[in-house]
Every structure is written in C-alpha cells, then in structure tokens.
file structure_14.cif (mmCIF, C-alpha atoms)
data_model
#
loop_
_atom_site.label_atom_id
_atom_site.label_comp_id
_atom_site.auth_asym_id
_atom_site.auth_seq_id
_atom_site.Cartn_x
_atom_site.Cartn_y
_atom_site.Cartn_z
CA MET D 1 90.98 132.67 105.04
CA LEU D 2 91.17 131.20 108.54
CA LYS D 3 93.72 132.68 110.92
CA PRO D 4 96.31 130.25 112.39
CA THR D 5 94.60 130.39 115.80
CA ASN D 6 91.23 129.59 114.19
CA ARG D 7 92.73 126.69 112.22
CA SER D 8 94.29 125.33 115.40
CA ALA D 9 90.97 125.58 117.23
CA ALA D 10 89.18 123.86 114.31
CA LYS D 11 91.67 120.96 114.37
CA THR D 12 91.25 120.65 118.14
CA TRP D 13 87.48 120.48 117.77
CA GLN D 14 87.83 117.90 114.96
CA PHE D 15 90.01 115.75 117.20
CA TRP D 16 87.56 115.83 120.12
CA LEU D 17 84.60 115.16 117.83
CA LYS D 18 86.38 112.14 116.32
CA LEU D 19 87.33 110.87 119.76
CA ALA D 20 83.75 111.29 120.94
CA GLY D 21 82.56 109.43 117.84
CA SER D 22 84.96 106.54 118.49
CA LEU D 23 83.96 106.28 122.15
CA ALA D 24 80.26 106.46 121.27
CA LEU D 25 80.58 103.70 118.66
CA LEU D 26 82.58 101.47 120.99
CA SER D 27 80.15 102.07 123.85
CA PHE D 28 77.21 101.21 121.61
CA LEU D 29 78.86 97.99 120.41
CA LEU D 30 79.93 96.93 123.91
CA ALA D 31 76.43 97.60 125.26
CA ARG D 32 75.02 95.15 122.69
CA THR D 33 77.70 92.50 123.25
CA ASP D 34 78.07 89.79 125.87
CA LEU D 35 81.04 91.10 127.90
CA HIS D 36 81.32 87.82 129.78
CA ALA D 37 81.84 86.03 126.45
CA ILE D 38 84.60 88.51 125.55
CA GLY D 39 86.30 87.80 128.87
CA THR D 40 86.09 84.07 128.25
CA LEU D 41 87.67 84.46 124.80
CA PHE D 42 90.59 86.49 126.14
CA ARG D 43 91.18 84.09 129.04
CA SER D 44 91.47 81.21 126.57
CA LEU D 45 93.85 83.13 124.30
CA ARG D 46 96.57 80.95 122.76
CA PHE D 47 99.60 83.12 123.48
CA PRO D 48 102.14 81.34 121.22
CA ILE D 49 99.97 82.08 118.17
CA PHE D 50 99.30 85.63 119.37
CA PHE D 51 103.02 86.38 119.84
CA ALA D 52 103.73 84.82 116.45
CA SER D 53 101.24 87.26 114.90
CA ILE D 54 103.06 90.18 116.54
CA PHE D 55 106.42 88.95 115.22
CA LEU D 56 105.00 88.47 111.73
CA TYR D 57 103.44 91.94 111.82
CA ILE D 58 106.84 93.46 112.57
CA LEU D 59 108.27 91.56 109.59
CA THR D 60 105.55 92.95 107.33
CA GLN D 61 106.50 96.46 108.37
CA MET D 62 110.10 95.72 107.42
CA LEU D 63 108.80 94.64 104.01
CA SER D 64 106.98 97.99 103.85
CA VAL D 65 110.32 99.71 104.42
CA VAL D 66 111.80 97.73 101.49
CA ARG D 67 108.91 98.93 99.29
CA TRP D 68 109.39 102.54 100.38
CA ARG D 69 113.15 102.39 99.78
CA CYS D 70 112.60 101.06 96.24
CA LEU D 71 110.37 104.06 95.49
CA LEU D 72 112.88 106.50 96.97
CA LEU D 73 115.76 104.96 95.00
CA ALA D 74 113.79 105.44 91.79
CA GLU D 75 114.01 109.18 92.47
CA LYS D 76 117.72 108.98 93.39
CA ILE D 77 117.06 109.33 97.12
CA ASP D 78 119.43 106.87 98.77
CA LEU D 79 119.04 106.63 102.54
CA PRO D 80 120.28 103.76 104.74
CA PHE D 81 117.78 100.98 105.36
CA TRP D 82 118.16 101.29 109.14
CA ARG D 83 117.35 105.01 108.98
CA LEU D 84 114.24 104.42 106.88
CA THR D 85 113.20 101.66 109.30
CA LEU D 86 113.36 104.11 112.22
CA LEU D 87 111.37 106.65 110.21
CA TYR D 88 108.75 104.09 109.21
CA PHE D 89 108.14 102.91 112.77
CA GLU D 90 108.15 106.51 113.90
CA GLY D 91 105.38 107.16 111.37
CA MET D 92 103.41 104.18 112.71
CA PHE D 93 103.62 105.66 116.20
CA PHE D 94 102.33 109.06 115.15
CA ASN D 95 99.60 107.55 112.98
CA LEU D 96 98.25 106.13 116.24
CA MET D 97 98.88 109.20 118.38
CA LEU D 98 97.86 112.04 116.08
CA PRO D 99 94.20 112.86 115.30
CA THR D 100 94.58 112.16 111.57
CA ALA D 101 95.47 108.79 110.04
CA ILE D 102 98.13 110.39 107.80
CA GLY D 103 99.88 112.40 110.52
CA GLY D 104 102.69 109.88 110.81
CA ASP D 105 103.17 109.81 107.03
CA MET D 106 103.53 113.57 106.97
CA ILE D 107 106.13 113.41 109.73
CA ARG D 108 108.28 110.79 107.99
CA GLY D 109 107.95 112.75 104.74
CA TYR D 110 109.21 115.83 106.57
CA ARG D 111 112.09 113.84 108.07
CA VAL D 112 113.21 112.69 104.62
CA PHE D 113 112.95 116.29 103.40
CA GLN D 114 115.21 117.39 106.28
CA MET D 115 117.82 114.90 105.11
CA THR D 116 117.54 115.43 101.35
CA ARG D 117 115.91 118.87 100.84
CA ARG D 118 113.58 117.29 98.28
CA ASP D 119 110.17 117.92 99.76
CA GLU D 120 107.86 116.98 96.86
CA ALA D 121 109.80 113.80 96.04
CA SER D 122 109.77 112.77 99.72
CA LEU D 123 105.99 113.13 100.04
CA ALA D 124 105.37 111.63 96.59
CA SER D 125 107.20 108.43 97.56
CA ILE D 126 104.88 108.02 100.55
CA LEU D 127 101.74 108.79 98.54
CA VAL D 128 102.70 106.25 95.86
CA GLU D 129 103.59 103.70 98.56
CA ARG D 130 100.19 104.14 100.26
CA LEU D 131 98.36 104.06 96.93
CA SER D 132 100.09 100.82 95.92
CA GLY D 133 98.95 99.27 99.20
CA PHE D 134 95.37 100.41 98.65
CA VAL D 135 95.37 99.11 95.07
CA ALA D 136 96.66 95.75 96.31
CA LEU D 137 93.89 95.57 98.94
CA VAL D 138 91.22 96.24 96.33
CA ILE D 139 92.68 93.66 93.94
CA ILE D 140 92.64 91.07 96.73
CA ALA D 141 89.03 91.97 97.63
CA CYS D 142 87.91 91.71 94.00
CA ILE D 143 89.51 88.27 93.60
CA ALA D 144 88.19 87.04 96.97
CA THR D 145 84.65 88.13 96.12
CA ILE D 146 84.32 85.47 93.41
CA PRO D 147 84.56 82.31 95.58
CA ALA D 148 83.11 83.88 98.75
CA TYR D 149 80.00 85.59 97.40
CA THR D 150 78.20 82.35 96.52
CA HIS D 151 78.19 81.53 100.24
CA LEU D 152 77.39 85.08 101.45
CA ASN D 153 74.78 86.33 98.96
CA ASP D 154 75.07 89.86 100.42
CA PRO D 155 74.78 92.72 97.89
CA VAL D 156 76.34 95.14 100.41
CA VAL D 157 79.64 93.29 100.11
CA VAL D 158 79.60 93.54 96.33
CA TRP D 159 78.68 97.22 96.37
CA LEU D 160 81.50 98.01 98.80
CA VAL D 161 84.01 96.17 96.61
CA VAL D 162 82.71 98.01 93.52
CA MET D 163 82.89 101.37 95.30
CA ALA D 164 86.44 100.70 96.49
CA ALA D 165 87.53 99.64 93.00
CA THR D 166 85.88 102.72 91.49
CA GLY D 167 87.65 104.90 94.04
CA VAL D 168 91.04 103.42 93.15
CA ILE D 169 90.41 103.88 89.42
CA GLY D 170 89.30 107.46 90.05
CA ILE D 171 92.40 108.30 92.08
CA VAL D 172 94.78 106.80 89.53
CA ALA D 173 92.93 108.51 86.66
CA GLY D 174 93.03 111.81 88.54
CA LEU D 175 96.79 111.53 88.93
CA LEU D 176 97.42 110.69 85.29
CA SER D 177 94.78 112.76 83.47
CA ASP D 178 95.60 116.42 82.77
CA ARG D 179 91.90 117.17 82.29
CA LEU D 180 90.94 115.75 85.69
CA GLN D 181 93.90 117.51 87.25
CA SER D 182 92.69 120.83 85.81
CA LEU D 183 89.21 120.16 87.17
CA PHE D 184 90.68 119.42 90.61
CA PHE D 185 92.54 122.72 90.69
CA ARG D 186 89.42 124.63 89.66
CA LEU D 187 87.60 122.99 92.56
CA LEU D 188 90.51 123.92 94.84
CA HIS D 189 90.13 127.57 93.90
CA GLY D 190 86.35 127.30 94.11
CA VAL D 191 86.44 126.28 97.79
CA GLY D 192 88.88 129.05 98.70
CA LEU D 193 92.05 126.94 98.83
CA GLY D 194 93.77 128.49 95.84
CA ARG D 195 96.74 129.46 98.00
CA PHE D 196 97.79 125.79 97.99
CA HIS D 197 97.79 125.61 94.16
CA ASP D 198 101.55 125.83 93.62
CA GLY D 199 102.50 123.37 96.34
CA VAL D 200 99.86 120.83 95.32
CA HIS D 201 100.83 121.21 91.65
CA ARG D 202 104.48 120.44 92.46
CA LEU D 203 103.37 117.41 94.45
CA TYR D 204 101.20 116.28 91.52
CA GLU D 205 104.20 116.50 89.20
CA ALA D 206 106.36 114.55 91.66
CA VAL D 207 103.76 111.77 91.87
CA GLN D 208 103.33 111.71 88.09
CA GLN D 209 107.11 111.36 87.74
CA TYR D 210 106.76 107.84 89.09
CA TRP D 211 104.83 106.89 85.95
CA THR D 212 108.21 106.96 84.19
CA HIS D 213 109.47 104.34 86.65
CA ARG D 214 107.14 101.55 85.48
CA ARG D 215 109.34 98.71 86.73
CA THR D 216 109.53 100.27 90.18
CA LEU D 217 105.76 100.71 90.25
CA LEU D 218 105.22 97.06 89.32
CA LEU D 219 107.72 96.02 91.99
CA ALA D 220 105.93 98.19 94.56
CA LEU D 221 102.57 96.67 93.58
CA GLY D 222 103.99 93.14 93.79
CA LEU D 223 105.45 93.83 97.22
CA SER D 224 102.13 95.35 98.28
CA LEU D 225 100.22 92.22 97.22
CA ILE D 226 102.61 90.07 99.26
CA LEU D 227 102.50 92.46 102.18
CA GLN D 228 98.71 92.75 102.28
CA SER D 229 98.34 88.98 101.98
CA LEU D 230 100.64 88.58 104.99
CA VAL D 231 98.70 91.18 106.97
CA ILE D 232 95.43 89.36 106.22
CA THR D 233 97.08 86.11 107.32
CA ILE D 234 98.04 87.81 110.61
CA PHE D 235 94.39 88.77 111.12
CA TYR D 236 93.53 85.11 110.53
CA LEU D 237 96.21 84.00 113.03
CA ILE D 238 94.67 86.25 115.66
CA SER D 239 91.35 84.49 115.08
CA LEU D 240 93.11 81.16 115.66
CA ALA D 241 94.63 82.55 118.86
CA LEU D 242 91.05 83.27 119.98
CA ASN D 243 90.01 79.72 119.03
CA LEU D 244 87.65 80.97 116.30
CA SER D 245 86.91 78.85 113.25
CA VAL D 246 86.37 81.06 110.22
CA PRO D 247 87.81 79.88 106.86
CA LEU D 248 90.79 81.88 105.63
CA ARG D 249 89.09 82.83 102.34
CA TYR D 250 86.63 85.12 104.13
CA PHE D 251 89.47 87.10 105.70
CA PHE D 252 90.76 87.96 102.23
CA LEU D 253 87.37 89.50 101.46
CA PHE D 254 86.40 91.04 104.80
CA PHE D 255 89.74 92.53 105.87
CA PRO D 256 90.11 94.89 102.85
CA LEU D 257 86.51 96.08 103.31
CA ILE D 258 87.08 96.66 107.03
CA CYS D 259 90.20 98.69 106.17
CA VAL D 260 88.29 100.83 103.65
CA ILE D 261 85.51 101.56 106.15
CA SER D 262 88.06 102.35 108.87
CA MET D 263 89.53 105.07 106.63
CA LEU D 264 86.40 107.20 106.98
CA PRO D 265 87.50 110.40 108.79
CA ILE D 266 84.96 110.22 111.59
CA SER D 267 86.91 108.34 114.27
CA ILE D 268 90.36 108.11 115.84
CA ALA D 269 92.53 105.37 114.29
CA GLY D 270 89.38 103.71 112.95
CA LEU D 271 88.22 102.76 116.46
CA GLY D 272 84.54 101.90 116.47
CA LEU D 273 84.26 101.77 112.70
CA ARG D 274 86.61 98.82 112.49
CA GLU D 275 84.84 96.96 115.27
CA GLY D 276 81.36 97.65 113.89
CA SER D 277 82.29 96.55 110.38
CA ALA D 278 84.01 93.41 111.76
CA ILE D 279 80.81 92.48 113.60
CA TYR D 280 78.72 93.08 110.47
CA PHE D 281 80.89 91.10 108.05
CA PHE D 282 81.82 88.17 110.26
CA SER D 283 78.22 87.71 111.34
CA LYS D 284 77.63 86.62 107.73
CA VAL D 285 79.76 83.52 108.39
CA GLY D 286 78.33 82.65 111.78
CA LEU D 287 80.58 84.62 114.15
CA ASP D 288 78.82 86.19 117.13
CA SER D 289 79.37 89.83 118.06
CA ALA D 290 81.58 89.01 121.08
CA SER D 291 83.96 86.97 118.90
CA ALA D 292 84.09 89.55 116.09
CA LEU D 293 84.61 92.42 118.53
CA SER D 294 87.37 90.52 120.36
CA LEU D 295 89.07 89.77 117.04
CA SER D 296 89.01 93.43 116.01
CA LEU D 297 90.21 94.71 119.40
CA LEU D 298 93.04 92.19 119.50
CA TRP D 299 94.09 93.24 115.99
CA PHE D 300 94.18 96.84 117.18
CA ALA D 301 96.28 95.72 120.17
CA VAL D 302 98.84 94.15 117.81
CA THR D 303 99.09 97.31 115.71
CA ALA D 304 99.27 99.48 118.85
CA LEU D 305 102.04 97.36 120.37
CA CYS D 306 104.10 97.54 117.18
CA GLY D 307 103.27 101.23 116.84
CA GLY D 308 104.60 101.69 120.37
CA LEU D 309 107.98 100.54 119.06
CA GLY D 310 107.80 103.65 116.89
CA GLY D 311 107.93 105.76 120.05
CA ILE D 312 111.33 104.23 120.78
CA ALA D 313 112.29 104.70 117.12
CA PHE D 314 111.31 108.37 117.44
CA LEU D 315 113.63 108.85 120.42
CA VAL D 316 116.50 107.04 118.67
CA GLY D 317 115.91 108.86 115.39
CA HIS D 318 115.63 112.23 117.12
CA SER D 319 118.92 111.65 118.96
CA GLN D 320 120.59 110.61 115.71
CA HIS D 321 119.22 113.66 113.95
CA GLN D 322 120.61 115.88 116.71
CA MET D 323 124.06 114.33 116.27
CA ASP D 324 124.07 114.77 112.48
CA PRO D 325 125.73 117.99 111.23
#
call {"tool": "encode", "arguments": {"input": "structure_14.cif", "output": "structure tokens"}}
result
Amino acid sequence: MLKPTNRSAAKTWQFWLKLAGSLALLSFLLARTDLHAIGTLFRSLRFPIFFASIFLYILTQMLSVVRWRCLLLAEKIDLPFWRLTLLYFEGMFFNLMLPTAIGGDMIRGYRVFQMTRRDEASLASILVERLSGFVALVIIACIATIPAYTHLNDPVVVWLVVMAATGVIGIVAGLLSDRLQSLFFRLLHGVGLGRFHDGVHRLYEAVQQYWTHRRTLLLALGLSLILQSLVITIFYLISLALNLSVPLRYFFLFFPLICVISMLPISIAGLGLREGSAIYFFSKVGLDSASALSLSLLWFAVTALCGGLGGIAFLVGHSQHQMDP
C-alpha cells in the first residue's frame, strides 16, 4: 500500500508526464504545420460567428445543468437550479485546471455531498450524466458513419466507431450485470485495491438504482442527444468563423471520435491528442493541417473561456457556502 506522501508524489509525476506529453505532441504538430497559414486564418476570423459559438456553448452547459438536475431529482435530491449552475461551471473550471479530466466532476460531487450528506447518490448522478453523454456521442457517430463512410472509405474510422460502441456496451453491461460486477471486484482485490471495495460497491448500487428510474434515464439520453448535437454544431460554427468549407455531416462523425481519442489519459485536457486527431480526420475531407489545427485550438479556446467563468462561479459558490449555516 502506498503511503500518502508516495501517492502525492506519484500524482505529481503523472501530471508532469502528461503535461510533457501534451507539449511534445503540440510541438510536433506545430513543427509540421505552416504557422504563417495559421496566422492568416486567425486574422481573417469572423468574430460575430465566433462570439455566437461562445454564447451557444454557454447555453449547452445550461442544458447540461437541466439534465443533471433531472437525475438528482430522481433520487430526491432537490437543489436550486442556480446553485447547480454554479457547481457545474465550477466543475468545468477544475476539469481544465486539474491534472485529471474528472477532477471537476469529483469536486462538484463533493459539493453536493456537503449540502445533502448523500455521497454515493451525488457521485452516481454525475457518473450517469457523463455516461448518458458518452452514449449519445456514440449513437451520433454510428448514425453519421452510414452516409459519410461512402465518401471516406477509411477502415480506421469504422474501427474507432466499433471500439467506442463496444466500450459503451461493456460499461453498461458491467453496471447492470452481477456476474461482471463480481469479476470487477475480484480484479480490484487482485491488483491490491481491495480497501476500496466497500466504497466502490456502494457507488455501484447507487448507479444501479437509476435503472429503476427508466423515464429519467430516457429523458437524460434525449437531452444528451440534443446537447451533443448542439456541441457538434458549435464546432461547425467555429469552422465557419475560420472560413473553412467542410460539410456539416462530417462533423457529426469526426467530433465524437476526436472526443473519444482526447479521453486517453496521456495528456492534459486532451491537448495534443485532440489536435492530432483533428488533423488526421479532417485531412480525409481535404482540410490542410493548418486549418484543422486552427479549428481544434479555437475550439479549445471556446471551452477554456467558458471554463474560466467557472473560476468566478467557484468564488461565488465558495462565498455562498461560507454564508450557509
């Protein structure tokens, strides 16, 4: 068992390794890209469309709050919408600032626990919310593959979609199957993490409890499909702001795959992975590396700007929490 100091040192090393990986990937991509072309694209940026994409992105996050609140209400956790909005944007901020992509989710789960004293239900609502979003992305990618593949003829795209769909099915089956759950806990003990058995088991039960709220799950999935479609449209709007001409249908295929690749735990906030995958996929439809890289970096700028609002939300939420008895 690692001592707390050793665990802290390991996390620090993981952070610096991920940061080095992100910087190395970005440096490699920039070295192979025409920087003058990137500068030209940014100088010709159509700001009205760009600002519209930022506004629409903020609206999609509000829709995410609606989805989260529906899941919380299913478990009789009733918190004001404005409070959940602060917590959600706070989570966005820490997802950008912390070395792990789920750091902000853990923080907002802890905040809800502080208010309700229902730790497993708080975390379960976030896990189910994230899973519904991932399922929606995969559904969109599967549907988009049908009309787009005839023009791409790239087996890598199909294999990535199949792998993502298999992963979703595996996660859902693992949550619902007692046999797979038992296998997971044996693996947990086998790798020396048996001390987490009770806590993980309670979290499993809290997530499985949502299976009794079928209507809420369908509502969450429906909201996720709308939300992800809007997010993909924002990505498309950013391409229009850069004066790029890629048909919208390809964004519905490429964006989910870029998101899946960006989830790999080898970089900070997906930096480098997202840009590299954007260059690979959009090159299939005639976009040069400078255009694809600019598109990806500008998308990250939109998410970072909106995530920065979470820093303000954190200060407001912290002050409110201090005032609460």
call {"tool": "resolve_selection", "arguments": {"input": "structure_14.cif", "expression": "the PyMOL selection byres ((chain D and resi 306-315) around 12)", "output": "ChimeraX atom specification"}}
result
/D:51,53-62,82-97,104,107-108,111,269,299-305,316-322
call {"tool": "closest_residue", "arguments": {"input": "structure_14.cif", "among": "D:Leu244, D:Ala165, D:Leu253, D:Ala206", "to": "Leu287 in chain D", "atoms": "only C-alpha atoms"}}
result
D:Leu244
call {"tool": "resolve_selection", "arguments": {"input": "structure_14.cif", "expression": "the PyMOL selection byres ((chain D and resi 270) around 12)", "output": "PyMOL selection string"}}
result
chain D and resi 18-19+21-23+25-26+95-96+99-101+258-269+271-278+296-297+299-300+303
call {"tool": "resolve_selection", "arguments": {"input": "structure_14.cif", "expression": "the PyMOL selection byres ((chain D and resi 291) around 8)", "output": "CSV table (one decimal) with C-alpha atoms, keeping the file's coordinate frame"}}
result
chain,number,residue,atom,x,y,z
D,37,ALA,CA,81.8,86.0,126.4
D,38,ILE,CA,84.6,88.5,125.6
D,41,LEU,CA,87.7,84.5,124.8
D,244,LEU,CA,87.6,81.0,116.3
D,287,LEU,CA,80.6,84.6,114.2
D,288,ASP,CA,78.8,86.2,117.1
D,289,SER,CA,79.4,89.8,118.1
D,290,ALA,CA,81.6,89.0,121.1
D,292,ALA,CA,84.1,89.6,116.1
D,293,LEU,CA,84.6,92.4,118.5
D,294,SER,CA,87.4,90.5,120.4
D,295,LEU,CA,89.1,89.8,117.0
call {"tool": "residues_around", "arguments": {"input": "structure_14.cif", "residues": "Ile232 in chain D", "least_positions_apart": "2", "cutoff": "9 Å", "atoms": "all atoms listed in the file", "output": "NGL selection string"}}
result
:D and (227-230 or 234-237 or 248 or 251-252 or 255-256)
call {"tool": "residues_near_point", "arguments": {"input": "structure_14.cif", "point": "(107.1, 108.0, 86.9)", "cutoff": "12 Å", "atoms": "all atoms listed in the file", "output": "list in words"}}
result
Leu71, Leu72, Ala74, Glu75, Ala121, Ala124, Ser125, Val128, Leu175, Leu176, Tyr204, Glu205, Ala206, Val207, Gln208, Gln209, Tyr210, Trp211, Thr212, His213, Arg214, Arg215, Thr216, Leu217 and Leu218 of chain D
call {"tool": "build_atoms", "arguments": {"input": "structure_14.cif", "residues": "range 267-294 of chain D", "atoms": "N, CA and C atoms", "output": "PDB file, keeping the file's coordinate frame"}}
result
ATOM      1  N   SER D 267      86.498 108.948 113.011  1.00  0.00           N
ATOM      2  CA  SER D 267      86.910 108.340 114.270  1.00  0.00           C
ATOM      3  C   SER D 267      88.421 108.432 114.411  1.00  0.00           C
ATOM      4  N   ILE D 268      88.920 108.101 115.588  1.00  0.00           N
ATOM      5  CA  ILE D 268      90.360 108.110 115.840  1.00  0.00           C
ATOM      6  C   ILE D 268      90.913 106.717 115.574  1.00  0.00           C
ATOM      7  N   ALA D 269      91.870 106.643 114.639  1.00  0.00           N
ATOM      8  CA  ALA D 269      92.530 105.370 114.290  1.00  0.00           C
ATOM      9  C   ALA D 269      91.547 104.281 113.895  1.00  0.00           C
ATOM     10  N   GLY D 270      90.370 104.684 113.392  1.00  0.00           N
ATOM     11  CA  GLY D 270      89.380 103.710 112.950  1.00  0.00           C
ATOM     12  C   GLY D 270      88.634 103.016 114.067  1.00  0.00           C
ATOM     13  N   LEU D 271      88.875 103.412 115.327  1.00  0.00           N
ATOM     14  CA  LEU D 271      88.220 102.760 116.460  1.00  0.00           C
ATOM     15  C   LEU D 271      86.703 102.931 116.358  1.00  0.00           C
ATOM     16  N   GLY D 272      86.001 101.874 116.571  1.00  0.00           N
ATOM     17  CA  GLY D 272      84.540 101.900 116.470  1.00  0.00           C
ATOM     18  C   GLY D 272      84.084 101.492 115.088  1.00  0.00           C
ATOM     19  N   LEU D 273      84.596 102.155 114.075  1.00  0.00           N
ATOM     20  CA  LEU D 273      84.260 101.770 112.700  1.00  0.00           C
ATOM     21  C   LEU D 273      84.771 100.381 112.376  1.00  0.00           C
ATOM     22  N   ARG D 274      86.016 100.133 112.754  1.00  0.00           N
ATOM     23  CA  ARG D 274      86.610  98.820 112.490  1.00  0.00           C
ATOM     24  C   ARG D 274      85.856  97.720 113.220  1.00  0.00           C
ATOM     25  N   GLU D 275      85.531  97.971 114.476  1.00  0.00           N
ATOM     26  CA  GLU D 275      84.840  96.960 115.270  1.00  0.00           C
ATOM     27  C   GLU D 275      83.417  96.712 114.754  1.00  0.00           C
ATOM     28  N   GLY D 276      82.719  97.802 114.416  1.00  0.00           N
ATOM     29  CA  GLY D 276      81.360  97.650 113.890  1.00  0.00           C
ATOM     30  C   GLY D 276      81.326  96.911 112.578  1.00  0.00           C
ATOM     31  N   SER D 277      82.261  97.226 111.679  1.00  0.00           N
ATOM     32  CA  SER D 277      82.290  96.550 110.380  1.00  0.00           C
ATOM     33  C   SER D 277      82.711  95.089 110.547  1.00  0.00           C
ATOM     34  N   ALA D 278      83.613  94.806 111.501  1.00  0.00           N
ATOM     35  CA  ALA D 278      84.010  93.410 111.760  1.00  0.00           C
ATOM     36  C   ALA D 278      82.807  92.596 112.231  1.00  0.00           C
ATOM     37  N   ILE D 279      82.010  93.183 113.119  1.00  0.00           N
ATOM     38  CA  ILE D 279      80.810  92.480 113.600  1.00  0.00           C
ATOM     39  C   ILE D 279      79.843  92.220 112.447  1.00  0.00           C
ATOM     40  N   TYR D 280      79.662  93.231 111.585  1.00  0.00           N
ATOM     41  CA  TYR D 280      78.720  93.080 110.470  1.00  0.00           C
ATOM     42  C   TYR D 280      79.161  91.977 109.508  1.00  0.00           C
ATOM     43  N   PHE D 281      80.430  92.044 109.073  1.00  0.00           N
ATOM     44  CA  PHE D 281      80.890  91.100 108.050  1.00  0.00           C
ATOM     45  C   PHE D 281      81.004  89.682 108.592  1.00  0.00           C
ATOM     46  N   PHE D 282      81.600  89.529 109.750  1.00  0.00           N
ATOM     47  CA  PHE D 282      81.820  88.170 110.260  1.00  0.00           C
ATOM     48  C   PHE D 282      80.542  87.518 110.753  1.00  0.00           C
ATOM     49  N   SER D 283      79.516  88.317 111.006  1.00  0.00           N
ATOM     50  CA  SER D 283      78.220  87.710 111.340  1.00  0.00           C
ATOM     51  C   SER D 283      77.659  86.932 110.152  1.00  0.00           C
ATOM     52  N   LYS D 284      78.103  87.306 108.942  1.00  0.00           N
ATOM     53  CA  LYS D 284      77.630  86.620 107.730  1.00  0.00           C
ATOM     54  C   LYS D 284      78.143  85.178 107.654  1.00  0.00           C
ATOM     55  N   VAL D 285      79.209  84.884 108.417  1.00  0.00           N
ATOM     56  CA  VAL D 285      79.760  83.520 108.390  1.00  0.00           C
ATOM     57  C   VAL D 285      79.640  82.868 109.768  1.00  0.00           C
ATOM     58  N   GLY D 286      78.666  83.329 110.551  1.00  0.00           N
ATOM     59  CA  GLY D 286      78.330  82.650 111.780  1.00  0.00           C
ATOM     60  C   GLY D 286      79.065  83.072 113.028  1.00  0.00           C
ATOM     61  N   LEU D 287      79.839  84.160 112.971  1.00  0.00           N
ATOM     62  CA  LEU D 287      80.580  84.620 114.150  1.00  0.00           C
ATOM     63  C   LEU D 287      79.698  85.551 114.967  1.00  0.00           C
ATOM     64  N   ASP D 288      79.623  85.311 116.284  1.00  0.00           N
ATOM     65  CA  ASP D 288      78.820  86.190 117.130  1.00  0.00           C
ATOM     66  C   ASP D 288      79.542  87.499 117.372  1.00  0.00           C
ATOM     67  N   SER D 289      78.814  88.492 117.896  1.00  0.00           N
ATOM     68  CA  SER D 289      79.370  89.830 118.060  1.00  0.00           C
ATOM     69  C   SER D 289      80.543  89.860 119.038  1.00  0.00           C
ATOM     70  N   ALA D 290      80.487  89.039 120.097  1.00  0.00           N
ATOM     71  CA  ALA D 290      81.580  89.010 121.080  1.00  0.00           C
ATOM     72  C   ALA D 290      82.868  88.521 120.420  1.00  0.00           C
ATOM     73  N   SER D 291      82.775  87.508 119.580  1.00  0.00           N
ATOM     74  CA  SER D 291      83.960  86.970 118.900  1.00  0.00           C
ATOM     75  C   SER D 291      84.526  87.971 117.897  1.00  0.00           C
ATOM     76  N   ALA D 292      83.642  88.585 117.096  1.00  0.00           N
ATOM     77  CA  ALA D 292      84.090  89.550 116.090  1.00  0.00           C
ATOM     78  C   ALA D 292      84.705  90.783 116.753  1.00  0.00           C
ATOM     79  N   LEU D 293      84.084  91.248 117.828  1.00  0.00           N
ATOM     80  CA  LEU D 293      84.610  92.420 118.530  1.00  0.00           C
ATOM     81  C   LEU D 293      85.954  92.108 119.172  1.00  0.00           C
ATOM     82  N   SER D 294      86.091  90.933 119.762  1.00  0.00           N
ATOM     83  CA  SER D 294      87.370  90.520 120.360  1.00  0.00           C
ATOM     84  C   SER D 294      88.459  90.435 119.303  1.00  0.00           C
TER      85      SER D 294
END
